[in-house]
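> Got a structure for you, questions after.
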Amino acid sequence: MGYTHHYSWFGAPYVNSFALLSDDPEVDGAVVFVHGFLGDPHETWYAFQDMISSHATAQTYWSKRDLFFFTYRSFRNGIETSARSLLSFLTLIFPSPPDDLLSISASVSVPASLGSLNSPARTYSRLVMVGHSEGGLVIRKAVVIAETAPHPISKARVVLFAPAISGVNPAGFKGMLMQLRPTNWIALPFLSDSRAYRDMNSAEFRDDVRNDTLHARGVHKEHTALWAKLVFGSKEDVVTPVKWPDDNQAPEELGQNHLSICKPKSKYDPPITFIAQS
Amino acid sequence: MHRLQEFTIGAIVPEWDKLMNHSRKDESELPMMTLLTIEALLWLHLGVELGAFPRRTGEDVSRFYYAPFFKWLDSYNRATEQARIGPPFLESASYLSLPEFARVLVRKGINQNLSLDDQPSGVGERNGMIAPFQSLLILYSLLRRDAAVRRFLYGIGFQSPDEWREQWSRACTAEDLFKAVESEEASPVAMVLAGYMRFCEYARNTNDVLDNIEGLGILDRPRFFEFKDRVRSMQAWRLNLSSGATAKRFEQVRERVSDMIARELTNLKLKDEVERAQRLLEKSLNLLFDLEPVTVQ
C-alpha cells in the first residue's frame, strides 16, 4: 500500500516551520531539515517534498519517517541563538510530536468527518538531522551545546549538504544571494549587520565549535551526531568544501553548486539516497 | 493532521471567519476577502478532483463553510447593487477576473446546488500528483499568511485612490524595505514593496514546482498543461491588469522596486548584476501570470 505525507504547520514560536507527517502506521523516525542563510524551509527543500513518495526509497525509508522543516532567523540571529532554538524545537518533536500537529483542536468547530481525520500519535526511535550551508553549522553548534545535558540530538545521524563549517567565500556568498530570492538582494547592503554571517566568517567561532566537537568525541563515542556525513558539489564557490577530521565526506557531486547540491531532480537523486543511506 | 484539516483551518477558516464576522472598518477589504475565500474553494475543488483531499469530507467542508458564505455573498451582492456606488460585486472587474469555471461554481453555490464534481480541470485522480499538489498548497498557505503580500494585493487592486496616493507619497528607504521583508513590521509603503517582491518569489517557487511535475513526468503533456492552466487561472484575479488603476499602481510598484535595487546594487559595486536582477524579478511574475504589456494612462 502507498502511504503519503500530510503537511502541518507549527504555531509560535516556530511559525513557518512545518512537518510532513506520514500516514504509515509503522512510522518510527524523524528527519529534521535545517535551511541555510536567508533560505526558507520550502524553497530549500521543496524537491524532497515532491519526490519522497515517488522515489525508489519511498516505501522502504520515507514512508517510515516524518519530515520536519525547521525555520529560524538565519540572518539576524547568531549561530548559537539559532542552535538553541533548534534544540528547543527538537525537544518539542522528539520522541513524540505535539498533539496540535496531529489533530485539530477540540475547541475549533469543524464538520465531524473532518475531525475524524486526526493523525495517530507516534513515537520515534530514530532521528536524522539534515542541514544545508548555514544550517550545517547550526546543527554542529547544537550538537556541542547538547553535550552539556542529555538531548536526543546527540544520538542523531547528521547529514550535511555544502555546510558552512570551514569558512565562506564572501564573493561567492554575495553571488549566491543574487541567485536566491529577490527579497534577499535587499539584504546585501546590510550583510555586516548579520550575526550569522559574522559567525560563519569568524575562524575563531568555527574553531571553537570544531574543537568542542573533536573533544566531545573522545568523551562520548556513542554520540553519533559528533560525526557528520557530508557532501559538496564540484561547482561549490560559496563555502570552503572541507570536512572536519573523521567526518565521512562523500565524493563531490559533479556539476552541482552550492544551491543545487541539496535539490533532487528526476535525473539527480543522490540527495534522497544520501539521507536514506545515512 | 491530515492535509485537508490543515488546509481547512489554515486556508479556509481564517478568511471565512473574518468575512462572516466583519465590522464596518473592514468594508473596503470585503471584495478582496471575498475573492480570497472563493480562491480557497477552488483549491479545495482541485484537491478533491486529484484525490489529495478525501471526496466525502471535502464535500462536508464545502457545505459547512461555503453554504453560509454563499448566502452572505448573495446578500452582499444585493447590497452593492442597491448602494449604486459601482457595479454589483458579481459584475465588478475584480470578480470577473475569476475564470469562467470559478464563476460557474459561485453561481451554483449561490443557487445552493454546488457540487465539487462540477467543472473539473480534466486531470482527474492521480496518486503521483498528491505530493506536488501538496507543495503547491504549502506555498499557497505561506502566501495567504504573508502580511506584506496581502498589503500589496490590497494596495494595487482594492485600495481607494485617495488612500493609495497618500500612502504612496511617503518615503521608503532600502532599510525600511529590508525591515518589511525581515519582520513584516514597517510602513504601509514598505510593506507594499516587500509584498511585491514576495509575490514574485511565490510565482517563481510555484513555477519551480510545476517544472518539477513536468520533469518527473507524472502527467502526460496535455494533462500537465490542463493542470498548469488550472493553477494559473485560479490565481489570475490577484493581478488583474485589465483594470487601469491596478495596472498603473502595479507599474508604480515595479518601477520603485526596480530603482531601489539599481541604486543599492550600484552602491555595492554590483552594477553588472542590476539588469540580471531586474530581469529575474520581472520574469518571475511572467512565469505564473500572463502579464499583458501595461500602458499607463
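Chains: A, B, ... in order of the C-alpha cells. Residues: from 1 per chain. Ligands: from 1, in order shown.
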With a distance cut-off of 8 Å and only C-alpha atoms, select the neighbouring residues of A:Pro41, excluding the residue or stretch itself and same-chain residues fewer than 2 positions from it, and output the selection as a list in words.
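Non-adjacent residues within range: Asn16, Ser17, Phe33, Val34, His35, Gly39, Glu43, Thr44, Trp45, Tyr46, Phe69, Phe70 and Thr71 of chain A.
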> With a cut-off of 9 Å, could you pull out the residues of chain A touching chain B and give me the nearest pair of atoms for each, distance in Å to one decimal, using only C-alpha atoms, ordered by chain and ascending number, as a Markdown table?

| residue | atom | partner | partner_atom | distance |
| --- | --- | --- | --- | --- |
| A:Gly2 | CA | B:Asn127 | CA | 8.9 |
| A:Thr4 | CA | B:Ala131 | CA | 7.7 |
| A:His5 | CA | B:Ala131 | CA | 7.7 |
| A:His6 | CA | B:Arg3 | CA | 4.9 |
| A:Tyr7 | CA | B:Arg3 | CA | 5.6 |
| A:Ser8 | CA | B:Glu6 | CA | 5.9 |
| A:Trp9 | CA | B:Glu6 | CA | 7.6 |
| A:Asn16 | CA | B:Leu142 | CA | 7.5 |
| A:Leu21 | CA | B:Met1 | CA | 7.6 |
| A:Asp23 | CA | B:His2 | CA | 8.7 |
| A:His42 | CA | B:Leu139 | CA | 7.6 |
| A:Glu43 | CA | B:Asn205 | CA | 6.8 |
| A:Tyr46 | CA | B:Ser135 | CA | 6.8 |
| A:Ala47 | CA | B:Asn212 | CA | 7.6 |
| A:Gln49 | CA | B:Ala131 | CA | 6.7 |
| A:Asp50 | CA | B:Pro132 | CA | 4.9 |
| A:Met51 | CA | B:Ala131 | CA | 7.5 |
| A:Ile52 | CA | B:Ala131 | CA | 8.2 |
| A:Ser53 | CA | B:Ala131 | CA | 6.9 |
| A:Ser54 | CA | B:Gly128 | CA | 6.9 |
| A:Arg73 | CA | B:Glu182 | CA | 8.6 |
| A:Phe75 | CA | B:Glu182 | CA | 8.7 |
| A:Arg76 | CA | B:Glu182 | CA | 8.7 |
| A:Asp100 | CA | B:Met1 | CA | 8.0 |
| A:Leu101 | CA | B:Met1 | CA | 6.0 |
| A:Leu102 | CA | B:Met1 | CA | 4.1 |
| A:Ser103 | CA | B:Met1 | CA | 5.0 |
| A:Ile104 | CA | B:Met1 | CA | 7.0 |
| A:Val108 | CA | B:Ile9 | CA | 8.6 |
| A:Val110 | CA | B:Phe64 | CA | 7.7 |
| A:Pro111 | CA | B:Asp60 | CA | 6.4 |
| A:Ala112 | CA | B:Asp60 | CA | 8.6 |
| A:Ser113 | CA | B:Thr57 | CA | 5.8 |
| A:Leu114 | CA | B:Thr57 | CA | 6.0 |
| A:Gly115 | CA | B:Gln5 | CA | 7.7 |
| A:Leu117 | CA | B:His2 | CA | 5.9 |
| A:Asn118 | CA | B:Met1 | CA | 5.2 |
| A:Ser119 | CA | B:Met1 | CA | 5.1 |
| A:Pro120 | CA | B:Met1 | CA | 8.6 |
| A:Met178 | CA | B:Ala277 | CA | 7.2 |
| A:Gln179 | CA | B:Ala277 | CA | 8.5 |
| A:Arg181 | CA | B:Glu201 | CA | 6.2 |
| A:Pro182 | CA | B:Met197 | CA | 6.1 |
| A:Thr183 | CA | B:Met197 | CA | 5.9 |
| A:Asn184 | CA | B:Val181 | CA | 8.7 |
| A:Trp185 | CA | B:Ile261 | CA | 7.7 |
| A:Ile186 | CA | B:Phe178 | CA | 6.0 |
| A:Ala187 | CA | B:Phe178 | CA | 6.3 |
| A:Leu188 | CA | B:Leu265 | CA | 8.1 |
| A:Pro189 | CA | B:Leu268 | CA | 7.0 |
| A:Phe190 | CA | B:Glu175 | CA | 8.2 |
| A:Lys265 | CA | B:Asn212 | CA | 7.3 |
| A:Ser266 | CA | B:Leu216 | CA | 5.4 |
| A:Lys267 | CA | B:Gly215 | CA | 8.8 |
> Write out as an MDAnalysis selection string all residues of stretch 27-212 of chain B that backbone DSSP assigns to alpha helix (DSSP H).
chainID B and resid 30:50 55:61 67:83 93:96 100:110 130:144 147:157 161:168 174:183 188:212
> To one decimal place, how far is atom CA of A:His258 from atom CA of A:Leu137 in Å?
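Between atom CA of A:His258 and atom CA of A:Leu137 the gap works out to 14.8 Å.
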